[in-house]
Amino acid sequence: MIYADNAATTRMSRAAIDAMLACMEDNWGNPSSLYGAGQRANEALQDARERIAACIGASPKELTFTSSGSEADNQALISAARLGERRGRRHILSTAFEHHAVLHTLKKLEREGFEVELLLVGEKGTVTAQQVAAAIREDTCLVTAMYANNEVGSVLPVGEIGAVCRARGVLFHTDAVQAAGHLPIQVEKQNIDLLSLSAHKFHGPKGAGALYARQGVPLVNVIEGGAQERGKRAGTENVPAIVGMAAALEEACAHMEENAEKVSALRDRLIAGLSRIPHCGLNGDPVNRLPGNVNFCFEGVEGESLLLLLDDRGICASSGSACTSGSLDPSHVLLAIGRPHEVAHGSLRLSLCAENTEEDVDAILRAVPEVVAYLRDMSPLWKDKISGKRAFVL
Ligand SMILES: *Cc1c(COP(=O)(O)O)cnc(C)c1O
């Protein structure tokens with residue numbers, strides 16, 4: 001099997017599995033309990049907190065553990081909104097291609113009376129600090145812009161956006177789920193007030209995330225109950241998963257440069273090879289791009305059929321097309337970067353990691369052109385284009 005869907009989830013690293021197994025076997029106490037077994041679990045938790053904080057330039061007490069990246073996003077936005085409300089500010093700025101964990105939370109806030117403005121991301125899928133500066137108002141309480149996009153891989157200038165927000169006294173949240181462990185994060189230097197990350201996107205376990213909130217930025221509970229996480233997130237902490245998250249992030253950060261170099265070389269070979277397929281288009285920014293992200297639209301092809309045929313050949317990939325995402329509309333991200341519906345339906349995302357090899361890339365480069373040609377041969381739409389009855393888009 002060739003696994004090229006690392007933006008969806010990653011395989012756990014040996015270090016993360018070992019750390020978790022040891023924790024589950026030897027350190028299963030409740031970290032809130034006062035006796036030794038509990039205190040040992042609490043020490044493991046605090047150790048993980050220190051190590052994760054160190055990876056992003058934060059202080060341990062600025063980190064709250066959550067059940068996922070989605071939960072961290074929800075809590076960040078709701079907290080910033082409540083603070084804004086108290087100050088009479090109800091305007092929130094974001095981008096049109098955020099993850100649904102952000103967009104759907106913004107919808108909820110909109111129903112409560114907040115005014116949400118989504119900045120256009122353009123063809124390359126990015127927003128500039130100038131765009132943010134021009135859109136900030138007196139009543140803006142929050143800017144939330146992702147660090148790197150999970151579908152098209154574009155990397156946003158979060159440091160510059162952070163500087164604009166800080167200068168204007170507006171809270172800045174970034175969904176760094178695709179960036180953590182892959183791109184450098186320094187919350188102080190980048191003027192980030194709130195940041196979300198998720199373990200399973202950097203070879204840690206599923207069901208573990210963290211929310212960084214700069215000292216002095218008050219969090220609101222989205223899960224009510226006990227006083228865990230200094231009263232900011234109820235529920236007994238998932239100690240093994242958090243320990244696994246720390247091991248995975250530490251390892252990813254220790255090898256970040258070499259991994260990025262290796263993976264981006266594979267990515268560029270894949271992009272160069274797939275670009276030779278007629279009537280295709282690379283999605284996202286060719287330069288400011290996650291090391292592992294490849295995303296193309298192929299005209300006259302349906303994304304889901306493409307995925308099924310690639311699966312037959314042992315290749316795991318993903319698409320922003322209709323059926324895979326369970327909705328009739330193609331990906332909001334592809335529409336946001338200006339791809340017409342028809343073309344957005346024929347998208348393919350391949351997301352690589354350091355475990356992928358040159359051989360994987362060769363096999364993908366053999367399979368995709370064949371599968372695309374096969375599907376086009378069967379497509380009435382494609383026949384119309386070839387005969388000139390319909391125009392090509394790409
Ligand atoms: C995966 C992902 C999330 C959600 O993280 P979960 O831990 O799966 O809830 C949020 N934002 C981005 C950009 C992601 O890629």
# chains A, B, ... in the order shown; residues from 1 in each chain; ligands from 1
call {"tool": "closest_atom_pairs", "arguments": {"of": "chain A", "to": "ligand 1", "cutoff": "10 Å", "atoms": "only C-alpha atoms and all ligand atoms", "output": "tab-separated table"}}
result
residue	atom	partner	partner_atom_place_in_ligand_line	distance
A:Asn6	CA	ligand 1	15 (O)	9.7
A:Ala7	CA	ligand 1	15 (O)	6.2
A:Ala8	CA	ligand 1	1 (C)	6.2
A:Thr9	CA	ligand 1	1 (C)	7.3
A:Thr66	CA	ligand 1	7 (O)	9.1
A:Ser67	CA	ligand 1	7 (O)	7.3
A:Ser68	CA	ligand 1	7 (O)	3.7
A:Gly69	CA	ligand 1	5 (O)	3.6
A:Ser70	CA	ligand 1	9 (O)	3.7
A:Glu71	CA	ligand 1	9 (O)	6.5
A:Ala72	CA	ligand 1	9 (O)	8.1
A:Asp73	CA	ligand 1	10 (C)	7.2
A:Asn74	CA	ligand 1	10 (C)	9.9
A:Phe97	CA	ligand 1	13 (C)	9.6
A:Glu98	CA	ligand 1	13 (C)	7.0
A:His99	CA	ligand 1	11 (N)	5.0
A:His100	CA	ligand 1	10 (C)	7.4
A:Ala101	CA	ligand 1	10 (C)	5.9
A:Val102	CA	ligand 1	11 (N)	7.6
A:Met146	CA	ligand 1	13 (C)	6.7
A:Tyr147	CA	ligand 1	13 (C)	8.0
A:Ala148	CA	ligand 1	13 (C)	6.8
A:Asn149	CA	ligand 1	13 (C)	5.8
A:Asn150	CA	ligand 1	15 (O)	4.6
A:Glu151	CA	ligand 1	15 (O)	7.9
A:Gly153	CA	ligand 1	13 (C)	9.6
A:Thr174	CA	ligand 1	13 (C)	9.5
A:Asp175	CA	ligand 1	11 (N)	5.9
A:Ala176	CA	ligand 1	13 (C)	6.5
A:Val177	CA	ligand 1	12 (C)	4.8
A:Gln178	CA	ligand 1	15 (O)	5.1
A:Ala179	CA	ligand 1	13 (C)	8.3
A:Ser196	CA	ligand 1	10 (C)	7.9
A:Leu197	CA	ligand 1	5 (O)	7.4
A:Ser198	CA	ligand 1	7 (O)	4.7
A:Ala199	CA	ligand 1	7 (O)	6.9
A:His200	CA	ligand 1	7 (O)	6.6
A:Lys201	CA	ligand 1	1 (C)	6.7
A:Pro205	CA	ligand 1	7 (O)	9.4
A:Lys206	CA	ligand 1	7 (O)	6.6
A:Gly207	CA	ligand 1	7 (O)	6.2
A:Ala208	CA	ligand 1	7 (O)	6.7
A:Gly209	CA	ligand 1	7 (O)	6.1
A:Ala210	CA	ligand 1	7 (O)	9.2
call {"tool": "residues_around", "arguments": {"residues": "segment 106-112 of chain A", "least_positions_apart": "3", "cutoff": "10 Å", "atoms": "only C-alpha atoms", "output": "JSON list (two decimals) with N, CA, C and O atoms, in the first residue's frame"}}
result
[["chain", "number", "residue", "atom", "x", "y", "z"],
["A", 74, "ASN", "N", -12.87, 25.25, 18.27],
["A", 74, "ASN", "CA", -14.14, 25.69, 18.86],
["A", 74, "ASN", "C", -13.88, 26.55, 20.09],
["A", 74, "ASN", "O", -14.44, 27.64, 20.24],
["A", 77, "LEU", "N", -12.29, 30.08, 19.36],
["A", 77, "LEU", "CA", -13.19, 31.07, 18.76],
["A", 77, "LEU", "C", -14.25, 31.53, 19.75],
["A", 77, "LEU", "O", -14.56, 32.73, 19.84],
["A", 78, "ILE", "N", -14.80, 30.57, 20.49],
["A", 78, "ILE", "CA", -15.85, 30.93, 21.44],
["A", 78, "ILE", "C", -15.27, 31.81, 22.55],
["A", 78, "ILE", "O", -15.88, 32.80, 22.96],
["A", 81, "ALA", "N", -14.72, 35.29, 21.21],
["A", 81, "ALA", "CA", -16.00, 35.95, 20.98],
["A", 81, "ALA", "C", -16.60, 36.45, 22.29],
["A", 81, "ALA", "O", -17.10, 37.58, 22.36],
["A", 82, "ARG", "N", -16.52, 35.63, 23.34],
["A", 82, "ARG", "CA", -17.07, 36.05, 24.65],
["A", 82, "ARG", "C", -16.34, 37.28, 25.17],
["A", 82, "ARG", "O", -16.95, 38.19, 25.74],
["A", 90, "ARG", "N", -18.19, 42.89, 18.12],
["A", 90, "ARG", "CA", -18.86, 41.69, 17.61],
["A", 90, "ARG", "C", -18.52, 41.40, 16.16],
["A", 90, "ARG", "O", -19.26, 40.75, 15.44],
["A", 91, "HIS", "N", -17.38, 41.91, 15.71],
["A", 91, "HIS", "CA", -16.96, 41.66, 14.32],
["A", 91, "HIS", "C", -15.78, 40.69, 14.32],
["A", 91, "HIS", "O", -14.81, 40.88, 15.06],
["A", 92, "ILE", "N", -15.88, 39.63, 13.51],
["A", 92, "ILE", "CA", -14.82, 38.61, 13.43],
["A", 92, "ILE", "C", -14.35, 38.49, 11.99],
["A", 92, "ILE", "O", -15.17, 38.38, 11.07],
["A", 93, "LEU", "N", -13.05, 38.50, 11.82],
["A", 93, "LEU", "CA", -12.46, 38.34, 10.48],
["A", 93, "LEU", "C", -11.88, 36.94, 10.34],
["A", 93, "LEU", "O", -11.18, 36.46, 11.23],
["A", 94, "SER", "N", -12.13, 36.32, 9.18],
["A", 94, "SER", "CA", -11.52, 35.01, 8.93],
["A", 94, "SER", "C", -11.28, 34.87, 7.43],
["A", 94, "SER", "O", -11.30, 35.87, 6.71],
["A", 100, "HIS", "N", -13.68, 23.26, 8.50],
["A", 100, "HIS", "CA", -15.06, 23.37, 8.99],
["A", 100, "HIS", "C", -15.15, 23.56, 10.51],
["A", 100, "HIS", "O", -16.12, 24.12, 11.01],
["A", 101, "ALA", "N", -14.14, 23.09, 11.25],
["A", 101, "ALA", "CA", -14.15, 23.31, 12.70],
["A", 101, "ALA", "C", -14.18, 24.80, 13.01],
["A", 101, "ALA", "O", -14.78, 25.23, 14.00],
["A", 102, "VAL", "N", -13.56, 25.60, 12.16],
["A", 102, "VAL", "CA", -13.60, 27.06, 12.31],
["A", 102, "VAL", "C", -14.86, 27.62, 11.67],
["A", 102, "VAL", "O", -15.63, 28.36, 12.30],
["A", 103, "LEU", "N", -15.12, 27.26, 10.40],
["A", 103, "LEU", "CA", -16.25, 27.86, 9.68],
["A", 103, "LEU", "C", -17.59, 27.58, 10.35],
["A", 103, "LEU", "O", -18.44, 28.46, 10.45],
["A", 115, "GLU", "N", -20.89, 39.46, 13.67],
["A", 115, "GLU", "CA", -20.76, 39.71, 12.24],
["A", 115, "GLU", "C", -19.45, 39.07, 11.77],
["A", 115, "GLU", "O", -18.37, 39.45, 12.23],
["A", 116, "VAL", "N", -19.56, 38.09, 10.89],
["A", 116, "VAL", "CA", -18.38, 37.37, 10.42],
["A", 116, "VAL", "C", -18.06, 37.79, 9.01],
["A", 116, "VAL", "O", -18.93, 37.79, 8.13],
["A", 117, "GLU", "N", -16.81, 38.18, 8.78],
["A", 117, "GLU", "CA", -16.39, 38.59, 7.44],
["A", 117, "GLU", "C", -15.28, 37.64, 6.98],
["A", 117, "GLU", "O", -14.26, 37.50, 7.67],
["A", 118, "LEU", "N", -15.50, 37.00, 5.83],
["A", 118, "LEU", "CA", -14.50, 36.05, 5.32],
["A", 118, "LEU", "C", -13.69, 36.71, 4.22],
["A", 118, "LEU", "O", -14.23, 37.12, 3.20],
["A", 144, "THR", "N", -9.15, 35.10, 12.78],
["A", 144, "THR", "CA", -8.74, 33.71, 12.78],
["A", 144, "THR", "C", -8.40, 33.30, 11.35],
["A", 144, "THR", "O", -9.22, 33.39, 10.45]]
call {"tool": "select_by_dssp", "arguments": {"residues": "segment 53-249 of chain A", "states": "strand (DSSP E)", "output": "short mmCIF file (atom, residue, chain, number, x, y, z; two decimals) with all heavy atoms, in the first residue's frame"}}
result
data_model
loop_
_atom_site.label_atom_id
_atom_site.label_comp_id
_atom_site.auth_asym_id
_atom_site.auth_seq_id
_atom_site.Cartn_x
_atom_site.Cartn_y
_atom_site.Cartn_z
N LEU A 63 -0.84 26.15 27.80
CA LEU A 63 -1.39 25.05 26.99
C LEU A 63 -2.54 24.36 27.71
O LEU A 63 -2.43 24.01 28.88
CB LEU A 63 -0.32 23.99 26.73
CG LEU A 63 0.64 24.16 25.57
CD1 LEU A 63 1.40 22.85 25.37
CD2 LEU A 63 -0.07 24.55 24.28
N THR A 64 -3.64 24.15 26.98
CA THR A 64 -4.76 23.38 27.48
C THR A 64 -4.95 22.18 26.56
O THR A 64 -5.00 22.35 25.34
CB THR A 64 -6.05 24.25 27.47
OG1 THR A 64 -5.81 25.40 28.27
CG2 THR A 64 -7.24 23.49 28.02
N PHE A 65 -5.03 20.99 27.15
CA PHE A 65 -5.23 19.80 26.31
C PHE A 65 -6.70 19.64 25.97
O PHE A 65 -7.58 19.87 26.82
CB PHE A 65 -4.68 18.56 27.02
CG PHE A 65 -3.19 18.58 27.14
CD1 PHE A 65 -2.57 18.44 28.38
CD2 PHE A 65 -2.39 18.76 26.01
CE1 PHE A 65 -1.19 18.47 28.49
CE2 PHE A 65 -1.01 18.79 26.12
CZ PHE A 65 -0.40 18.65 27.36
N THR A 66 -6.97 19.25 24.74
CA THR A 66 -8.34 19.04 24.26
C THR A 66 -8.44 17.66 23.62
O THR A 66 -7.43 16.96 23.51
CB THR A 66 -8.71 20.09 23.20
OG1 THR A 66 -7.87 19.90 22.05
CG2 THR A 66 -8.54 21.52 23.71
N HIS A 91 -17.38 41.91 15.71
CA HIS A 91 -16.96 41.66 14.32
C HIS A 91 -15.78 40.69 14.32
O HIS A 91 -14.81 40.88 15.06
CB HIS A 91 -16.55 43.00 13.68
CG HIS A 91 -16.03 42.89 12.28
ND1 HIS A 91 -14.72 43.19 11.94
CD2 HIS A 91 -16.64 42.51 11.13
CE1 HIS A 91 -14.56 43.00 10.63
NE2 HIS A 91 -15.70 42.59 10.11
N ILE A 92 -15.88 39.63 13.51
CA ILE A 92 -14.82 38.61 13.43
C ILE A 92 -14.35 38.49 11.99
O ILE A 92 -15.17 38.38 11.07
CB ILE A 92 -15.34 37.24 13.92
CG1 ILE A 92 -15.81 37.32 15.38
CG2 ILE A 92 -14.25 36.16 13.77
CD1 ILE A 92 -16.47 36.05 15.90
N LEU A 93 -13.05 38.50 11.82
CA LEU A 93 -12.46 38.34 10.48
C LEU A 93 -11.88 36.94 10.34
O LEU A 93 -11.18 36.46 11.23
CB LEU A 93 -11.30 39.32 10.30
CG LEU A 93 -11.57 40.70 9.76
CD1 LEU A 93 -10.25 41.46 9.68
CD2 LEU A 93 -12.22 40.63 8.38
N SER A 94 -12.13 36.32 9.18
CA SER A 94 -11.52 35.01 8.93
C SER A 94 -11.28 34.87 7.43
O SER A 94 -11.30 35.87 6.71
CB SER A 94 -12.42 33.90 9.47
OG SER A 94 -11.77 32.65 9.38
N THR A 95 -11.03 33.66 6.97
CA THR A 95 -10.80 33.46 5.55
C THR A 95 -11.84 32.47 5.01
O THR A 95 -12.41 31.69 5.77
CB THR A 95 -9.40 32.89 5.25
OG1 THR A 95 -9.41 31.47 5.50
CG2 THR A 95 -8.34 33.55 6.10
N GLU A 115 -20.89 39.46 13.67
CA GLU A 115 -20.76 39.71 12.24
C GLU A 115 -19.45 39.07 11.77
O GLU A 115 -18.37 39.45 12.23
CB GLU A 115 -20.74 41.22 11.98
CG GLU A 115 -20.78 41.56 10.50
CD GLU A 115 -20.61 43.06 10.26
OE1 GLU A 115 -20.90 43.86 11.18
OE2 GLU A 115 -20.16 43.42 9.16
N VAL A 116 -19.56 38.09 10.89
CA VAL A 116 -18.38 37.37 10.42
C VAL A 116 -18.06 37.79 9.01
O VAL A 116 -18.93 37.79 8.13
CB VAL A 116 -18.61 35.83 10.48
CG1 VAL A 116 -17.43 35.09 9.87
CG2 VAL A 116 -18.85 35.39 11.92
N GLU A 117 -16.81 38.18 8.78
CA GLU A 117 -16.39 38.59 7.44
C GLU A 117 -15.28 37.64 6.98
O GLU A 117 -14.26 37.50 7.67
CB GLU A 117 -15.87 40.03 7.52
CG GLU A 117 -15.60 40.67 6.19
CD GLU A 117 -15.14 42.12 6.36
OE1 GLU A 117 -15.45 42.77 7.38
OE2 GLU A 117 -14.44 42.60 5.45
N LEU A 118 -15.50 37.00 5.83
CA LEU A 118 -14.50 36.05 5.32
C LEU A 118 -13.69 36.71 4.22
O LEU A 118 -14.23 37.12 3.20
CB LEU A 118 -15.18 34.78 4.79
CG LEU A 118 -16.03 34.00 5.80
CD1 LEU A 118 -16.61 32.75 5.14
CD2 LEU A 118 -15.22 33.61 7.04
N LEU A 119 -12.39 36.80 4.41
CA LEU A 119 -11.53 37.42 3.40
C LEU A 119 -11.36 36.47 2.22
O LEU A 119 -11.29 35.25 2.39
CB LEU A 119 -10.16 37.72 4.01
CG LEU A 119 -10.16 38.75 5.14
CD1 LEU A 119 -8.80 38.81 5.83
CD2 LEU A 119 -10.54 40.13 4.62
N THR A 140 -13.71 44.97 15.73
CA THR A 140 -13.21 43.61 15.46
C THR A 140 -12.66 43.01 16.76
O THR A 140 -11.83 43.63 17.42
CB THR A 140 -12.10 43.64 14.40
OG1 THR A 140 -12.58 44.31 13.23
CG2 THR A 140 -11.67 42.23 14.02
N CYS A 141 -13.14 41.80 17.11
CA CYS A 141 -12.65 41.18 18.34
C CYS A 141 -11.69 40.05 18.05
O CYS A 141 -10.94 39.62 18.94
CB CYS A 141 -13.81 40.69 19.21
SG CYS A 141 -14.85 39.46 18.45
N LEU A 142 -11.69 39.53 16.83
CA LEU A 142 -10.87 38.34 16.54
C LEU A 142 -10.54 38.25 15.06
O LEU A 142 -11.40 38.51 14.22
CB LEU A 142 -11.64 37.07 16.95
CG LEU A 142 -11.06 35.72 16.51
CD1 LEU A 142 -9.77 35.39 17.23
CD2 LEU A 142 -12.08 34.60 16.73
N VAL A 143 -9.30 37.90 14.78
CA VAL A 143 -8.92 37.46 13.43
C VAL A 143 -8.53 35.99 13.57
O VAL A 143 -7.71 35.65 14.42
CB VAL A 143 -7.74 38.28 12.87
CG1 VAL A 143 -7.24 37.66 11.56
CG2 VAL A 143 -8.14 39.73 12.66
N THR A 144 -9.15 35.10 12.78
CA THR A 144 -8.74 33.71 12.78
C THR A 144 -8.40 33.30 11.35
O THR A 144 -9.22 33.39 10.45
CB THR A 144 -9.80 32.77 13.43
OG1 THR A 144 -9.40 31.40 13.19
CG2 THR A 144 -11.20 32.98 12.88
N LEU A 171 -7.34 40.17 18.92
CA LEU A 171 -6.84 38.81 19.16
C LEU A 171 -6.64 38.08 17.84
O LEU A 171 -7.43 38.22 16.90
CB LEU A 171 -7.83 38.01 20.01
CG LEU A 171 -7.90 38.31 21.50
CD1 LEU A 171 -8.90 37.37 22.17
CD2 LEU A 171 -6.51 38.16 22.16
N PHE A 172 -5.56 37.28 17.79
CA PHE A 172 -5.26 36.50 16.58
C PHE A 172 -5.20 35.02 16.93
O PHE A 172 -4.38 34.59 17.74
CB PHE A 172 -3.94 36.97 15.97
CG PHE A 172 -3.49 36.14 14.78
CD1 PHE A 172 -4.38 35.80 13.77
CD2 PHE A 172 -2.18 35.71 14.69
CE1 PHE A 172 -3.97 35.03 12.67
CE2 PHE A 172 -1.75 34.94 13.58
CZ PHE A 172 -2.66 34.60 12.59
N HIS A 173 -6.08 34.24 16.29
CA HIS A 173 -6.05 32.78 16.41
C HIS A 173 -5.60 32.17 15.09
O HIS A 173 -6.00 32.62 14.02
CB HIS A 173 -7.44 32.22 16.75
CG HIS A 173 -7.55 30.72 16.56
ND1 HIS A 173 -8.19 30.14 15.48
CD2 HIS A 173 -7.05 29.69 17.30
CE1 HIS A 173 -8.11 28.81 15.58
NE2 HIS A 173 -7.42 28.51 16.66
N THR A 174 -4.75 31.13 15.18
CA THR A 174 -4.44 30.40 13.97
C THR A 174 -4.66 28.91 14.19
O THR A 174 -4.25 28.34 15.20
CB THR A 174 -3.00 30.70 13.45
OG1 THR A 174 -2.83 30.04 12.19
CG2 THR A 174 -1.91 30.20 14.40
N ASP A 175 -5.36 28.29 13.23
CA ASP A 175 -5.52 26.84 13.20
C ASP A 175 -4.23 26.30 12.58
O ASP A 175 -4.04 26.37 11.37
CB ASP A 175 -6.76 26.50 12.35
CG ASP A 175 -6.91 25.00 12.10
OD1 ASP A 175 -5.92 24.26 12.27
OD2 ASP A 175 -8.00 24.58 11.70
N LEU A 194 -3.77 32.76 20.10
CA LEU A 194 -4.45 31.47 20.26
C LEU A 194 -4.02 30.57 19.11
O LEU A 194 -3.96 31.03 17.95
CB LEU A 194 -5.97 31.66 20.23
CG LEU A 194 -6.60 32.46 21.37
CD1 LEU A 194 -7.87 33.16 20.90
CD2 LEU A 194 -6.92 31.55 22.56
N LEU A 195 -3.75 29.30 19.41
CA LEU A 195 -3.28 28.40 18.35
C LEU A 195 -3.78 26.98 18.64
O LEU A 195 -3.73 26.52 19.78
CB LEU A 195 -1.75 28.43 18.28
CG LEU A 195 -1.05 27.47 17.32
CD1 LEU A 195 0.17 28.15 16.68
CD2 LEU A 195 -0.60 26.17 18.01
N SER A 196 -4.27 26.31 17.59
CA SER A 196 -4.76 24.94 17.74
C SER A 196 -3.82 23.97 17.08
O SER A 196 -3.30 24.24 15.98
CB SER A 196 -6.13 24.78 17.05
OG SER A 196 -6.97 25.86 17.33
N LEU A 197 -3.63 22.81 17.72
CA LEU A 197 -2.89 21.73 17.05
C LEU A 197 -3.54 20.39 17.37
O LEU A 197 -4.34 20.27 18.30
CB LEU A 197 -1.41 21.77 17.42
CG LEU A 197 -0.96 21.75 18.86
CD1 LEU A 197 -0.92 20.33 19.39
CD2 LEU A 197 0.42 22.38 18.98
N SER A 198 -3.19 19.38 16.57
CA SER A 198 -3.81 18.06 16.71
C SER A 198 -2.77 16.97 16.48
O SER A 198 -2.06 16.98 15.47
CB SER A 198 -4.95 17.93 15.69
OG SER A 198 -5.46 16.61 15.70
N GLY A 209 -5.53 16.84 21.22
CA GLY A 209 -5.20 18.14 20.64
C GLY A 209 -4.76 19.08 21.74
O GLY A 209 -4.78 18.71 22.93
N ALA A 210 -4.35 20.26 21.35
CA ALA A 210 -3.97 21.26 22.35
C ALA A 210 -4.35 22.64 21.86
O ALA A 210 -4.35 22.91 20.65
CB ALA A 210 -2.47 21.19 22.65
N LEU A 211 -4.70 23.48 22.82
CA LEU A 211 -4.98 24.88 22.53
C LEU A 211 -3.98 25.74 23.29
O LEU A 211 -3.90 25.65 24.52
CB LEU A 211 -6.41 25.23 22.95
CG LEU A 211 -6.81 26.71 22.86
CD1 LEU A 211 -6.63 27.25 21.45
CD2 LEU A 211 -8.25 26.90 23.33
N TYR A 212 -3.22 26.53 22.56
CA TYR A 212 -2.34 27.51 23.19
C TYR A 212 -3.14 28.80 23.35
O TYR A 212 -3.78 29.26 22.40
CB TYR A 212 -1.11 27.77 22.30
CG TYR A 212 -0.43 29.09 22.59
CD1 TYR A 212 0.43 29.24 23.66
CD2 TYR A 212 -0.69 30.21 21.79
CE1 TYR A 212 1.03 30.46 23.94
CE2 TYR A 212 -0.10 31.44 22.05
CZ TYR A 212 0.76 31.55 23.13
OH TYR A 212 1.34 32.76 23.41
N ALA A 213 -3.12 29.36 24.55
CA ALA A 213 -3.74 30.68 24.77
C ALA A 213 -2.71 31.52 25.52
O ALA A 213 -2.31 31.16 26.63
CB ALA A 213 -5.03 30.56 25.57
#
call {"tool": "residues_around", "arguments": {"residues": "Leu307 of chain A", "least_positions_apart": "6", "cutoff": "9 Å", "atoms": "only C-alpha atoms", "output": "list in words"}}
result
Ile315, Cys316, Ala317, Ser318, Ser319 and Leu348 of chain A
call {"tool": "residues_around", "arguments": {"residues": "Arg86 of chain A", "least_positions_apart": "6", "cutoff": "12 Å", "atoms": "only C-alpha atoms", "output": "VMD selection string"}}
result
chain A and resid 79 to 80 139 141
call {"tool": "closest_atom_pairs", "arguments": {"of": "segment 162-205 of chain A", "to": "segment 252-274 of chain A", "cutoff": "9 Å", "atoms": "only C-alpha atoms", "output": "JSON lines"}}
result
{"residue": "A:Ala180", "atom": "CA", "partner": "A:Cys253", "partner_atom": "CA", "distance": 8.4}
{"residue": "A:Gly181", "atom": "CA", "partner": "A:Ala252", "partner_atom": "CA", "distance": 4.9}
{"residue": "A:His182", "atom": "CA", "partner": "A:Met256", "partner_atom": "CA", "distance": 6.0}
{"residue": "A:Leu183", "atom": "CA", "partner": "A:Met256", "partner_atom": "CA", "distance": 7.1}
{"residue": "A:Pro184", "atom": "CA", "partner": "A:Cys253", "partner_atom": "CA", "distance": 8.0}
{"residue": "A:Phe202", "atom": "CA", "partner": "A:Ala252", "partner_atom": "CA", "distance": 6.8}
{"residue": "A:His203", "atom": "CA", "partner": "A:Ala252", "partner_atom": "CA", "distance": 8.1}
call {"tool": "write_last_selection", "arguments": {"atoms": "N, CA and C atoms", "output": "mmCIF file, in the first residue's frame"}}
result
data_model
loop_
_atom_site.group_PDB
_atom_site.id
_atom_site.type_symbol
_atom_site.label_atom_id
_atom_site.label_comp_id
_atom_site.auth_asym_id
_atom_site.auth_seq_id
_atom_site.Cartn_x
_atom_site.Cartn_y
_atom_site.Cartn_z
ATOM 1 N N ALA A 180 1.764 22.256 12.586
ATOM 2 C CA ALA A 180 2.512 21.770 13.751
ATOM 3 C C ALA A 180 3.299 20.515 13.404
ATOM 4 N N GLY A 181 4.575 20.536 13.725
ATOM 5 C CA GLY A 181 5.450 19.403 13.422
ATOM 6 C C GLY A 181 6.006 19.437 12.012
ATOM 7 N N HIS A 182 5.482 20.325 11.169
ATOM 8 C CA HIS A 182 5.919 20.393 9.772
ATOM 9 C C HIS A 182 6.566 21.724 9.426
ATOM 10 N N LEU A 183 6.076 22.795 10.057
ATOM 11 C CA LEU A 183 6.613 24.135 9.821
ATOM 12 C C LEU A 183 6.954 24.748 11.178
ATOM 13 N N PRO A 184 7.951 25.640 11.216
ATOM 14 C CA PRO A 184 8.325 26.230 12.499
ATOM 15 C C PRO A 184 7.181 27.056 13.097
ATOM 16 N N PHE A 202 0.623 14.794 13.062
ATOM 17 C CA PHE A 202 2.099 14.717 13.075
ATOM 18 C C PHE A 202 2.562 13.386 13.684
ATOM 19 N N HIS A 203 1.888 12.313 13.311
ATOM 20 C CA HIS A 203 2.292 10.950 13.697
ATOM 21 C C HIS A 203 2.071 10.660 15.174
#
call {"tool": "atom_distance", "arguments": {"atom1": "atom CA of Val371 of chain A", "atom2": "atom CA of Asp329 of chain A"}}
result
23.4 Å
call {"tool": "closest_residue", "arguments": {"among": "A:Val222, A:Arg51, A:Met245, A:Gly159", "to": "Ala19 of chain A", "atoms": "only C-alpha atoms"}}
result
A:Met245
call {"tool": "atom_distance", "arguments": {"atom1": "atom CA of Lys189 of chain A", "atom2": "atom CA of Val127 of chain A"}}
result
19.5 Å
call {"tool": "closest_residue", "arguments": {"among": "A:Val243, A:Ala234, A:Gln130, A:Ser154", "to": "Asn42 of chain A", "atoms": "only C-alpha atoms"}}
result
A:Val243
call {"tool": "atom_distance", "arguments": {"atom1": "atom CA of Ala133 of chain A", "atom2": "atom CA of Gly84 of chain A"}}
result
18.2 Å
